[in-house]
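Dumped final_26.txt below, it's compact mmCIF, C-alpha atoms:
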# COMPACT_ATOMS: atom_id res chain seq x y z
CA MET Y 1 6.12 50.27 53.56
CA GLY Y 2 3.31 52.61 52.55
CA GLU Y 3 4.88 55.38 54.58
CA MET Y 4 8.24 54.81 52.88
CA ALA Y 5 6.65 54.88 49.43
CA ALA Y 6 4.81 58.08 50.30
CA ALA Y 7 8.06 59.60 51.55
CA ALA Y 8 9.75 58.56 48.31
CA ALA Y 9 7.01 60.29 46.31
CA ALA Y 10 7.53 63.45 48.32
CA ALA Y 11 11.29 63.28 47.89
CA ILE Y 12 11.09 62.94 44.13
CA GLY Y 13 9.13 66.17 43.95
CA HIS Y 14 6.18 67.27 41.88
CA PRO Y 15 5.17 66.80 39.23
CA PHE Y 16 6.60 63.42 38.35
CA VAL Y 17 5.66 60.42 36.25
CA ALA Y 18 5.64 56.87 37.61
CA VAL Y 19 6.33 54.09 35.12
CA THR Y 20 5.56 50.62 36.39
CA GLY Y 21 4.72 47.12 35.29
CA ARG Y 22 1.32 45.68 35.94
CA ARG Y 23 2.19 44.89 39.52
CA TRP Y 24 3.78 47.23 42.00
CA PRO Y 25 3.38 45.62 45.41
CA GLY Y 26 4.06 48.06 48.21
CA MET Y 27 4.30 51.00 45.83
CA GLN Y 28 0.69 52.19 45.97
CA SER Y 29 1.57 55.44 47.73
CA LEU Y 30 4.37 56.14 45.27
CA VAL Y 31 2.12 55.58 42.27
CA GLU Y 32 -0.71 57.61 43.79
CA GLY Y 33 1.74 60.42 44.44
CA ALA Y 34 2.65 60.67 40.78
CA SER Y 35 1.02 63.17 38.48
CA LEU Y 36 0.88 60.53 35.77
CA HIS Y 37 1.14 56.77 35.95
CA LEU Y 38 2.02 54.64 32.96
CA ILE Y 39 2.09 50.85 32.79
CA ALA Y 40 4.63 49.43 30.38
CA PRO Y 41 6.17 45.99 30.00
CA GLY Y 42 9.83 45.30 30.67
CA PRO Y 43 12.27 47.20 32.87
CA THR Y 44 14.34 48.41 29.92
CA THR Y 45 11.30 49.86 28.21
CA ARG Y 46 10.13 51.45 31.44
CA LEU Y 47 13.53 53.02 32.05
CA GLY Y 48 13.53 54.32 28.46
CA ILE Y 49 10.15 55.97 28.90
CA ALA Y 50 11.33 57.55 32.14
CA ALA Y 51 14.39 58.88 30.30
CA GLY Y 52 12.00 60.47 27.81
CA VAL Y 53 10.13 62.18 30.62
CA ARG Y 54 13.43 63.66 31.77
CA LEU Y 55 14.12 64.71 28.18
CA GLY Y 56 10.87 66.62 28.48
CA GLY Y 57 12.10 68.40 31.58
CA HIS Y 58 10.27 66.50 34.31
CA ALA Y 59 11.13 63.89 36.91
CA ALA Y 60 10.23 60.25 36.52
CA VAL Y 61 10.60 57.16 38.60
CA THR Y 62 10.53 53.58 37.38
CA VAL Y 63 9.42 50.62 39.43
CA VAL Y 64 11.56 47.61 38.57
CA ASP Y 65 12.31 44.10 39.71
CA ARG Y 66 15.54 43.91 37.72
CA VAL Y 67 17.77 46.43 35.98
CA PRO Y 68 20.10 46.44 33.01
CA ARG Y 69 23.74 47.42 33.45
CA ALA Y 70 24.19 51.05 34.48
CA ALA Y 71 26.20 51.77 31.34
CA GLU Y 72 23.18 50.83 29.21
CA VAL Y 73 20.70 53.27 30.71
CA ASP Y 74 20.20 57.01 30.80
CA PRO Y 75 22.59 58.36 33.45
CA GLY Y 76 19.78 60.25 35.15
CA CYS Y 77 17.76 57.14 35.92
CA LEU Y 78 15.99 56.73 39.22
CA ALA Y 79 14.46 53.31 39.79
CA VAL Y 80 12.60 51.97 42.79
CA THR Y 81 12.41 48.37 43.85
CA THR Y 82 11.26 46.24 46.74
CA SER Y 83 13.52 43.37 45.67
CA ALA Y 84 16.71 42.82 47.63
CA HIS Y 85 17.99 40.63 44.80
CA CYS Y 86 17.39 43.43 42.31
CA ALA Y 87 19.24 45.89 44.55
CA ALA Y 88 22.21 43.58 44.97
CA ALA Y 89 22.42 42.92 41.26
CA ALA Y 90 22.11 46.64 40.54
CA ALA Y 91 25.02 47.41 42.85
CA LEU Y 92 27.17 44.89 40.99
CA ASP Y 93 26.09 46.39 37.67
CA GLY Y 94 27.21 49.92 38.52
CA TRP Y 95 24.09 51.50 39.98
CA SER Y 96 24.02 53.52 43.17
CA VAL Y 97 21.84 51.70 45.66
CA VAL Y 98 19.97 53.79 48.20
CA GLN Y 99 18.45 51.87 51.09
CA PRO Y 100 16.84 54.28 53.57
CA TRP Y 101 16.04 53.31 57.12
CA ARG Y 102 13.18 55.80 57.46
CA GLY Y 103 11.22 58.10 55.22
CA ALA Y 104 13.02 61.24 56.32
CA ASP Y 105 16.30 59.79 55.04
CA ILE Y 106 15.12 59.37 51.48
CA ALA Y 107 15.44 62.92 50.18
CA PRO Y 108 19.00 63.59 51.44
CA LEU Y 109 20.17 60.16 50.33
CA LEU Y 110 18.74 60.66 46.86
CA ASP Y 111 20.30 64.09 46.65
CA ALA Y 112 23.68 62.62 47.47
CA ALA Y 113 23.48 59.52 45.30
CA ALA Y 114 25.11 59.43 41.90
CA ARG Y 115 22.81 58.33 39.10
CA PRO Y 116 21.64 55.96 37.89
CA ALA Y 117 20.30 55.00 41.29
CA VAL Y 118 18.02 52.35 42.70
CA LEU Y 119 15.96 53.22 45.75
CA VAL Y 120 15.22 50.11 47.78
CA LEU Y 121 11.95 50.23 49.65
CA ALA Y 122 11.47 47.20 51.82
CA ALA Y 123 9.30 46.37 54.79
CA ALA Y 124 12.38 45.44 56.80
CA THR Y 125 15.59 47.13 55.82
CA ASP Y 126 17.79 45.75 58.58
CA VAL Y 127 18.48 42.49 56.82
CA ASP Y 128 21.49 41.33 54.93
CA VAL Y 129 21.07 41.57 51.23
CA PRO Y 130 21.57 38.10 49.83
CA ALA Y 131 23.72 37.49 46.85
CA PRO Y 132 21.85 37.71 43.58
CA ALA Y 133 20.25 34.51 42.44
CA PRO Y 134 22.06 32.83 39.60
CA THR Y 135 20.47 34.04 36.42
CA PRO Y 136 19.59 31.71 33.59
CA ARG Y 137 22.18 31.58 30.86
CA PRO Y 138 20.88 33.69 27.94
CA VAL Y 139 21.55 31.03 25.37
CA ARG Y 140 20.57 31.52 21.77
CA ASP Y 141 22.86 29.03 20.06
CA TRP Y 142 21.00 25.92 21.11
CA ALA Y 143 21.32 22.82 19.02
CA ASP Y 144 18.43 21.40 17.09
CA GLY Y 145 17.24 18.07 18.31
CA HIS Y 146 14.98 16.49 20.85
CA LEU Y 147 15.40 19.24 23.35
CA ALA Y 148 13.33 21.63 25.37
CA THR Y 149 13.75 25.37 25.44
CA LEU Y 150 12.37 27.34 28.35
CA ILE Y 151 11.52 31.00 28.12
CA ALA Y 152 10.13 33.04 30.97
CA SER Y 153 9.64 36.59 32.12
CA GLY Y 154 9.29 38.38 35.42
CA PRO Y 155 8.56 36.30 38.51
CA ALA Y 156 8.10 33.23 36.35
CA VAL Y 157 11.84 33.09 35.66
CA ALA Y 158 12.65 31.42 38.96
CA LEU Y 159 9.83 28.96 38.43
CA MET Y 160 11.14 28.10 34.99
CA VAL Y 161 14.58 27.44 36.36
CA ARG Y 162 13.12 25.03 38.88
CA LEU Y 163 11.02 23.47 36.17
CA SER Y 164 14.12 22.93 34.04
CA GLN Y 165 15.66 20.98 36.91
CA ARG Y 166 12.55 18.82 37.15
CA LEU Y 167 12.67 18.17 33.42
CA LEU Y 168 16.30 17.15 33.64
CA THR Y 169 15.43 14.56 36.25
CA ARG Y 170 12.91 13.13 33.80
CA GLY Y 171 15.57 12.85 31.12
CA VAL Y 172 14.39 15.81 29.08
CA GLU Y 173 17.47 17.71 28.04
CA VAL Y 174 17.03 21.44 28.36
CA ALA Y 175 18.63 23.23 25.44
CA ALA Y 176 18.16 26.75 26.72
CA VAL Y 177 16.75 28.71 29.59
CA GLU Y 178 16.18 32.25 28.52
CA ARG Y 179 14.78 35.35 30.05
CA ALA Y 180 12.64 37.43 27.74
CA ILE Y 181 10.05 40.15 27.93
CA LEU Y 182 6.72 38.39 27.63
CA THR Y 183 3.38 40.06 27.85
CA SER Y 184 1.73 37.72 25.40
CA PRO Y 185 2.71 34.44 23.79
CA GLN Y 186 3.43 36.34 20.59
CA HIS Y 187 6.41 37.95 22.29
CA ALA Y 188 8.20 34.63 22.62
CA PRO Y 189 11.13 34.41 20.23
CA LEU Y 190 11.57 31.57 17.82
CA ALA Y 191 13.26 28.56 19.31
CA GLY Y 192 14.62 25.32 18.05
CA GLY Y 193 14.18 21.94 19.65
CA THR Y 194 11.05 19.91 20.09
CA HIS Y 195 9.55 21.67 23.06
CA LEU Y 196 9.16 25.34 23.81
CA LEU Y 197 7.98 26.10 27.30
CA VAL Y 198 6.88 29.67 27.79
CA ALA Y 199 5.76 31.36 30.96
CA GLY Y 200 4.86 34.98 31.47
CA ALA Y 201 4.05 36.71 34.70
CA ASP Y 202 0.54 37.58 33.61
CA THR Y 203 -0.08 35.38 30.67
CA GLY Y 204 0.03 31.85 31.96
CA ALA Y 205 2.28 29.13 30.78
CA LEU Y 206 2.40 27.56 27.38
CA VAL Y 207 3.81 24.33 26.18
CA ARG Y 208 4.56 24.28 22.50
CA GLN Y 209 5.62 21.22 20.63
CA GLY Y 210 7.62 21.44 17.46
CA HIS Y 211 8.64 24.58 15.65
CA TRP Y 212 6.94 27.93 15.60
CA PRO Y 213 4.31 28.65 14.32
CA ASP Y 214 2.71 25.42 13.17
CA SER Y 215 2.70 23.44 16.36
CA PRO Y 216 -0.24 23.13 18.75
CA VAL Y 217 -0.24 25.18 21.92
CA HIS Y 218 -1.28 23.86 25.31
CA ALA Y 219 -2.01 26.60 27.81
CA VAL Y 220 -1.54 26.15 31.52
CA PRO Y 221 -3.02 29.05 33.50
CA LEU Y 222 -0.36 30.48 35.78
CA SER Y 223 -2.47 33.07 37.50
CA GLY Y 224 -4.01 31.47 40.57
CA ALA Y 225 -2.38 28.11 39.98
CA THR Y 226 0.04 26.70 42.47
CA GLU Y 227 3.55 25.94 41.36
CA ALA Y 228 2.88 22.25 41.83
CA ASP Y 229 -0.15 22.51 39.54
CA LEU Y 230 1.89 24.24 36.87
CA VAL Y 231 4.83 21.91 37.07
CA GLY Y 232 2.53 18.90 37.06
CA ALA Y 233 0.64 20.15 34.04
CA VAL Y 234 3.84 20.86 32.13
CA LEU Y 235 5.39 17.51 32.99
CA ALA Y 236 2.24 15.77 31.86
CA LEU Y 237 2.66 17.36 28.46
CA VAL Y 238 6.39 16.71 28.13
CA PRO Y 239 7.16 13.04 27.85
CA ALA Y 240 10.29 11.68 29.39
CA ALA Y 241 13.05 10.97 26.89
CA MET C 1 -3.21 74.93 14.47
CA SER C 2 -4.85 77.96 12.94
CA ARG C 3 -3.51 77.44 9.43
CA SER C 4 -2.97 74.16 7.71
CA LEU C 5 0.50 73.14 6.70
CA LEU C 6 -0.52 73.39 3.08
CA ASP C 7 -1.28 77.09 3.50
CA ARG C 8 2.20 77.92 4.67
CA ALA C 9 4.41 75.40 2.89
CA ASP C 10 6.57 75.87 -0.18
CA LEU C 11 5.57 72.72 -2.03
CA ALA C 12 8.08 73.21 -4.82
CA LEU C 13 10.91 73.48 -2.30
CA LEU C 14 9.73 70.41 -0.43
CA ARG C 15 9.47 68.39 -3.63
CA GLN C 16 12.95 69.48 -4.69
CA VAL C 17 14.51 68.79 -1.30
CA SER C 18 12.97 65.39 -0.71
CA ALA C 19 13.35 64.02 -4.23
CA GLY C 20 10.98 61.23 -3.29
CA ARG C 21 13.13 59.96 -0.40
CA PRO C 22 10.85 59.08 2.52
CA THR C 23 13.04 60.09 5.45
CA VAL C 24 14.07 63.37 3.81
CA ALA C 25 10.48 64.12 2.85
CA LEU C 26 9.36 63.51 6.43
CA ALA C 27 12.18 65.60 7.90
CA ALA C 28 11.46 68.42 5.46
CA GLY C 29 7.75 68.24 6.17
CA LEU C 30 8.53 68.54 9.85
CA VAL C 31 11.20 71.24 9.78
CA ASP C 32 10.76 73.30 6.62
CA THR C 33 7.09 73.93 7.32
CA GLY C 34 7.73 75.20 10.84
CA LEU C 35 5.76 72.31 12.26
CA LEU C 36 8.68 71.45 14.54
CA GLN C 37 8.84 74.15 17.18
CA PHE C 38 12.37 75.15 18.11
CA ASP C 39 14.37 78.33 18.38
CA PRO C 40 17.91 78.28 16.96
CA ASP C 41 18.72 81.33 19.11
CA ASP C 42 17.40 79.71 22.28
CA PRO C 43 18.17 75.98 22.13
CA GLY C 44 17.03 75.43 25.71
CA TRP C 45 13.62 77.00 25.22
CA PRO C 46 11.45 74.94 27.62
CA ASP C 47 8.47 74.82 25.28
CA ARG C 48 10.43 73.52 22.30
CA ASP C 49 9.28 70.31 20.69
CA ARG C 50 11.29 67.18 21.44
CA VAL C 51 12.45 64.97 18.61
CA VAL C 52 13.89 61.47 18.84
CA VAL C 53 15.40 59.97 15.71
CA CYS C 54 16.41 56.40 14.91
CA GLY C 55 18.38 55.28 11.88
CA GLN C 56 21.38 56.77 10.12
CA GLU C 57 19.48 57.97 7.08
CA ALA C 58 16.74 59.51 9.18
CA ALA C 59 19.27 61.21 11.44
CA ALA C 60 21.18 62.57 8.45
CA ALA C 61 17.97 63.89 6.89
CA LEU C 62 16.96 65.62 10.09
CA ARG C 63 20.43 67.09 10.57
CA GLU C 64 20.31 68.51 7.04
CA ARG C 65 16.88 70.09 7.39
CA VAL C 66 17.52 71.50 10.88
CA ALA C 67 20.81 72.96 9.68
CA ALA C 68 19.01 74.52 6.73
CA ALA C 69 16.65 76.13 9.23
CA GLY C 70 19.58 77.56 11.16
CA GLY C 71 19.56 75.07 14.01
CA ASP C 72 21.81 72.36 15.34
CA ALA C 73 20.28 68.88 15.21
CA ALA C 74 22.60 67.73 17.98
CA VAL C 75 20.70 70.12 20.24
CA VAL C 76 17.25 69.78 18.72
CA ALA C 77 17.09 65.99 18.43
CA THR C 78 18.05 62.95 20.47
CA GLU C 79 19.35 59.91 18.62
CA ALA C 80 18.55 56.34 19.63
CA ALA C 81 20.04 53.15 18.24
CA LEU C 82 16.91 51.01 18.31
CA GLY C 83 13.33 51.70 17.40
CA GLY C 84 12.03 50.63 20.81
CA ASP C 85 14.44 52.95 22.59
CA ALA C 86 13.48 55.83 20.30
CA LEU C 87 9.76 55.43 20.81
CA ALA C 88 10.18 54.93 24.57
CA LEU C 89 12.02 58.26 24.79
CA ALA C 90 9.43 59.98 22.63
CA LEU C 91 6.58 58.54 24.67
CA GLY C 92 8.18 59.72 27.89
CA ALA C 93 8.61 63.19 26.40
CA ALA C 94 4.95 63.20 25.37
CA LEU C 95 3.98 62.44 28.96
CA ALA C 96 6.19 65.30 30.12
CA SER C 97 4.41 67.54 27.64
CA ARG C 98 1.12 66.63 29.28
CA LEU C 99 2.54 67.78 32.62
CA ASP C 100 3.34 71.08 30.91
CA GLY C 101 -0.21 71.48 29.67
CA SER C 102 0.53 69.95 26.25
CA VAL C 103 1.99 73.15 24.86
CA TRP C 104 4.70 71.30 22.93
CA ARG C 105 4.85 68.06 20.98
CA SER C 106 6.99 64.95 20.90
CA TRP C 107 8.14 63.58 17.56
CA CYS C 108 9.78 60.31 16.68
CA LEU C 109 11.42 59.96 13.26
CA LEU C 110 12.09 56.33 12.43
CA GLY C 111 14.19 54.92 9.62
CA GLU C 112 12.97 51.90 7.72
CA ASP C 113 14.82 49.35 9.90
CA ALA C 114 13.56 50.74 13.20
CA VAL C 115 10.39 48.65 13.03
CA ASP C 116 12.48 45.48 13.24
CA ASP C 117 12.95 46.06 16.97
CA GLY C 118 10.25 44.06 18.76
CA ARG C 119 10.21 46.36 21.76
CA LEU C 120 8.87 49.11 19.50
CA TRP C 121 5.48 47.42 19.58
CA GLU C 122 5.44 47.10 23.34
CA VAL C 123 6.02 50.83 23.60
CA ALA C 124 3.47 51.54 20.87
CA THR C 125 0.86 49.61 22.85
CA ALA C 126 1.77 51.46 26.03
CA ALA C 127 1.47 54.78 24.18
CA ARG C 128 -2.00 53.89 22.99
CA GLU C 129 -3.04 52.97 26.52
CA ALA C 130 -1.53 56.19 27.82
CA ARG C 131 -3.48 58.16 25.21
CA ALA C 132 -0.30 60.03 24.30
CA ASP C 133 -1.98 62.52 22.02
CA MET C 134 1.06 64.80 21.82
CA LEU C 135 3.13 62.02 20.26
CA THR C 136 3.55 61.70 16.50
CA VAL C 137 5.70 59.14 14.75
CA LEU C 138 7.09 59.69 11.28
CA GLY C 139 8.24 56.49 9.62
CA ALA C 140 9.81 55.44 6.35
CA GLY C 141 8.01 52.68 4.50
CA THR C 142 4.62 51.12 5.03
CA ALA C 143 5.71 47.55 5.75
CA ALA C 144 4.67 47.86 9.39
CA ALA C 145 1.41 49.74 8.83
CA ALA C 146 -0.65 46.76 9.96
CA LEU C 147 1.34 46.51 13.18
CA TRP C 148 0.75 50.17 13.97
CA HIS C 149 -2.95 49.58 13.35
CA ALA C 150 -2.85 46.52 15.58
CA CYS C 151 -1.33 48.60 18.36
CA GLY C 152 -4.27 50.99 18.14
CA TRP C 153 -2.54 53.85 16.37
CA THR C 154 -4.04 56.06 13.72
CA VAL C 155 -2.03 55.44 10.56
CA HIS C 156 -1.63 57.93 7.72
CA THR C 157 0.30 57.02 4.60
CA ALA C 158 1.59 59.30 1.88
CA PRO C 159 4.00 59.08 -1.04
CA ALA C 160 7.23 60.90 -0.31
CA GLY C 161 7.15 62.47 -3.75
CA ASP C 162 3.85 64.24 -3.12
CA PRO C 163 4.41 66.94 -0.50
CA ALA C 164 0.79 68.10 -0.58
CA TRP C 165 -0.39 64.61 0.34
CA LEU C 166 2.32 64.26 2.96
CA LEU C 167 1.50 67.59 4.62
CA GLY C 168 -2.17 66.66 4.65
CA ALA C 169 -1.23 63.49 6.48
CA LEU C 170 0.88 65.44 8.96
CA ASP C 171 -2.00 67.86 9.55
CA HIS C 172 -4.30 64.97 10.39
CA ALA C 173 -1.69 63.24 12.55
CA VAL C 174 -1.15 66.21 14.84
CA ALA C 175 -4.89 66.69 15.20
CA ALA C 176 -5.38 63.35 16.94
CA GLY C 177 -2.59 61.26 18.41
CA PRO C 178 -0.89 59.01 18.93
CA ALA C 179 -0.61 58.80 15.19
CA VAL C 180 1.96 57.71 12.69
CA VAL C 181 2.68 59.11 9.25
CA LEU C 182 4.31 56.59 6.94
CA ALA C 183 5.98 57.82 3.79
CA THR C 184 6.58 55.57 0.81
CA ALA C 185 9.23 55.93 -1.82
CA ASP C 186 6.90 55.19 -4.70
CA GLY C 187 4.79 57.96 -6.19
Have the structure of the file written as structure tokens, please.
Amino acid sequence: MGEMAAAAAAAIGHPFVAVTGRRWPGMQSLVEGASLHLIAPGPTTRLGIAAGVRLGGHAAVTVVDRVPRAAEVDPGCLAVTTSAHCAAAAALDGWSVVQPWRGADIAPLLDAAARPAVLVLAAATDVDVPAPAPTPRPVRDWADGHLATLIASGPAVALMVRLSQRLLTRGVEVAAVERAILTSPQHAPLAGGTHLLVAGADTGALVRQGHWPDSPVHAVPLSGATEADLVGAVLALVPAA
Amino acid sequence: MSRSLLDRADLALLRQVSAGRPTVALAAGLVDTGLLQFDPDDPGWPDRDRVVVCGQEAAAALRERVAAAGGDAAVVATEAALGGDALALALGAALASRLDGSVWRSWCLLGEDAVDDGRLWEVATAAREARADMLTVLGAGTAAAALWHACGWTVHTAPAGDPAWLLGALDHAVAAGPAVVLATADG
């Protein structure tokens, strides 16, 4: 993996800017190979910053775990991911997906690939790419009532989906499951219903009762907690209907 | 900058052109003073400043002032629909400037509604952390001044009808970035 990331850095050419989130597992060599490294939240924001670098006449690469539709991004985009799900979704959304078998293949494949392109760097590339996981429905027209709304970002999205299923089994009706960019609780949008469950990749989980902003907040640390701990803590705070 | 903007600006012209309108005053302060570095005869000049503009009124103001200076805003500036997109582009350009030895600047001209885009503040925070000193934002209205402060930016405010004040603010903003100059319609 490190060798592949280093080869990717060499293929991109110098100087270049790497734009990543706070975590970039397996990308250390790529980030270290960049002349500048910037951490920014959200794949759309990161891709926008990278487009600005290109506007300034230099190369940029963005580390992502999901991508917007190709039509919505700068056509010169080059993103890098280690997520097979991200790559499969990107292919469906109009991106070129480049999955090299060895480091020496990266440069010629990138040269040949139409942009925007996603370079997939994975420890084992000889595996079938699974179909993308079903994404939560981006619902905004939820009904007011005794309902829960779940909002999550990054890796916490999958956990929130599972949590919504647990809540349903307890008779708590889930009004909406929404993906959002969350780097702090303040980034959570307003939501109706009686419960707002918020989880961010780095910020922990929150359970909010009632309407923003007057309701009390109960924080459940996500970092370091097991999923069972988190789910248990949330369920303890959300009474069954 | 060896000479201040005040030394080289035609204040009467700026006052007449802007007529107290924030976006026009900001665009005029940027273009008519020569602060924005571009060459109408060499649009692809590598060391030209990059400008990203958001908002119809802001884009129209910039088009007008660039045209008056003999340039084509479609070449000089990049338009973005949302404030977050605009600032992300401008931040990226500022990083590219650093790779070039910071010989050119990145500007972001925002209309009044651009601050309604929540992603703008994510990018503003990232710009502060990146110490993007070659990035300057010009914004209409001071409603979001506290948010810029909260994101760690240096905020300068000036009435659009007072070009001397506005140019002083621009002078300070380019001296230490990332900084924002907010122009108000009153005064």
Within 12 Å of region 115-118 of chain Y, counting all atoms listed in the file, which residues qualify if same-chain residues fewer than 6 places away don't, as a PyMOL selection string?
-> chain Y and resi 8+47+50-51+61-100+106+109
Specify as a short mmCIF file (atom, residue, chain, number, x, y, z; two decimals) with C-alpha atoms, in the frame of the given file all residues of chain C found within 9 Å of chain Y, counting all atoms listed in the file.
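See part.cif below for the written result:
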data_model
loop_
_atom_site.label_atom_id
_atom_site.label_comp_id
_atom_site.auth_asym_id
_atom_site.auth_seq_id
_atom_site.Cartn_x
_atom_site.Cartn_y
_atom_site.Cartn_z
CA PRO C 46 11.45 74.94 27.62
CA ASP C 49 9.28 70.31 20.69
CA ARG C 50 11.29 67.18 21.44
CA THR C 78 18.05 62.95 20.47
CA GLY C 84 12.03 50.63 20.81
CA ASP C 85 14.44 52.95 22.59
CA ALA C 86 13.48 55.83 20.30
CA LEU C 87 9.76 55.43 20.81
CA ALA C 88 10.18 54.93 24.57
CA LEU C 89 12.02 58.26 24.79
CA ALA C 90 9.43 59.98 22.63
CA LEU C 91 6.58 58.54 24.67
CA GLY C 92 8.18 59.72 27.89
CA ALA C 93 8.61 63.19 26.40
CA ALA C 94 4.95 63.20 25.37
CA LEU C 95 3.98 62.44 28.96
CA ALA C 96 6.19 65.30 30.12
CA SER C 97 4.41 67.54 27.64
CA ARG C 98 1.12 66.63 29.28
CA LEU C 99 2.54 67.78 32.62
CA ASP C 100 3.34 71.08 30.91
CA SER C 106 6.99 64.95 20.90
CA GLY C 118 10.25 44.06 18.76
CA ARG C 119 10.21 46.36 21.76
CA GLU C 122 5.44 47.10 23.34
CA VAL C 123 6.02 50.83 23.60
CA THR C 125 0.86 49.61 22.85
CA ALA C 126 1.77 51.46 26.03
CA ALA C 127 1.47 54.78 24.18
CA GLU C 129 -3.04 52.97 26.52
CA ALA C 130 -1.53 56.19 27.82
#
Protein and nucleic acid residues near (5.7, 63.1, 49.7) (cut-off 10 Å, only C-alpha atoms) as number ranges by chain = Y: 3-14, 29-30, 33-34, 103, 107
For CA of Gly168 (chain C) and CA of Trp148 (chain C), quote the distance in Å rounded to one decimal.
-> 19.2 Å
Kindly give the distance, in Å, that separates CA of Trp24 (chain Y) and CA of Gly152 (chain C), rounded to a single decimal.
->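 That distance, rounded to one decimal, is 25.5 Å.
Picture a line from CA of Gly111 (chain C) to CA of Ala124 (chain C); it runs 15.9 Å.
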Report, as lines of an AutoDock Vina configuration file, the axis-aligned box around all atoms of region 42-51 of chain C present in the file, extended by 8 Å on each side; give centre and edge lengths in Å to one decimal place.
center_x = 13.3
center_y = 72.3
center_z = 23.1
size_x = 25.7
size_y = 30.7
size_z = 25.0
Nearest to Ala59 (chain C) among C:Thr142, C:Thr23, C:Thr136, C:Gln16, with distances taken over all atoms listed in the file: which residue is it?
->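 The closest residue to Ala59 (chain C) is C:Thr23.
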Pick from C:Trp107, C:Trp153, C:Trp165, C:Trp45, whichever lies nearest to Leu14 (chain C) using all atoms listed in the file |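 Of the candidates, the smallest distance to Leu14 (chain C) is held by C:Trp165.
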List every protein, DNA or RNA residue that has at least one atom no more than 9 Å from (8.3, 58.6, -0.8) in the file's coordinates, counting only C-alpha atoms, and write the result as a PDB file with C-alpha atoms, in the coordinates of the input.
ATOM      1  CA  SER C  18      12.970  65.390  -0.710  1.00  0.00           C
ATOM      2  CA  ALA C  19      13.350  64.020  -4.230  1.00  0.00           C
ATOM      3  CA  GLY C  20      10.980  61.230  -3.290  1.00  0.00           C
ATOM      4  CA  ARG C  21      13.130  59.960  -0.400  1.00  0.00           C
ATOM      5  CA  PRO C  22      10.850  59.080   2.520  1.00  0.00           C
ATOM      6  CA  THR C  23      13.040  60.090   5.450  1.00  0.00           C
ATOM      7  CA  VAL C  24      14.070  63.370   3.810  1.00  0.00           C
ATOM      8  CA  ALA C  25      10.480  64.120   2.850  1.00  0.00           C
ATOM      9  CA  LEU C  26       9.360  63.510   6.430  1.00  0.00           C
ATOM     10  CA  ALA C 140       9.810  55.440   6.350  1.00  0.00           C
ATOM     11  CA  GLY C 141       8.010  52.680   4.500  1.00  0.00           C
ATOM     12  CA  ALA C 158       1.590  59.300   1.880  1.00  0.00           C
ATOM     13  CA  PRO C 159       4.000  59.080  -1.040  1.00  0.00           C
ATOM     14  CA  ALA C 160       7.230  60.900  -0.310  1.00  0.00           C
ATOM     15  CA  GLY C 161       7.150  62.470  -3.750  1.00  0.00           C
ATOM     16  CA  ASP C 162       3.850  64.240  -3.120  1.00  0.00           C
ATOM     17  CA  LEU C 182       4.310  56.590   6.940  1.00  0.00           C
ATOM     18  CA  ALA C 183       5.980  57.820   3.790  1.00  0.00           C
ATOM     19  CA  THR C 184       6.580  55.570   0.810  1.00  0.00           C
ATOM     20  CA  ALA C 185       9.230  55.930  -1.820  1.00  0.00           C
ATOM     21  CA  ASP C 186       6.900  55.190  -4.700  1.00  0.00           C
ATOM     22  CA  GLY C 187       4.790  57.960  -6.190  1.00  0.00           C
TER      23      GLY C 187
END
Between C:Ala61, C:Asp39, C:Val53, C:Ser4, single out the one closest to Val17 (chain C), counting all atoms listed in the file.
->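 Distance minimum relative to Val17 (chain C) lands on C:Ala61.
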Write out as a ChimeraX atom specification the residues lying within 6 Å of Leu109 (chain C), counting all atoms listed in the file and excluding same-chain residues fewer than 3 positions away.
-> /C:53,137-139
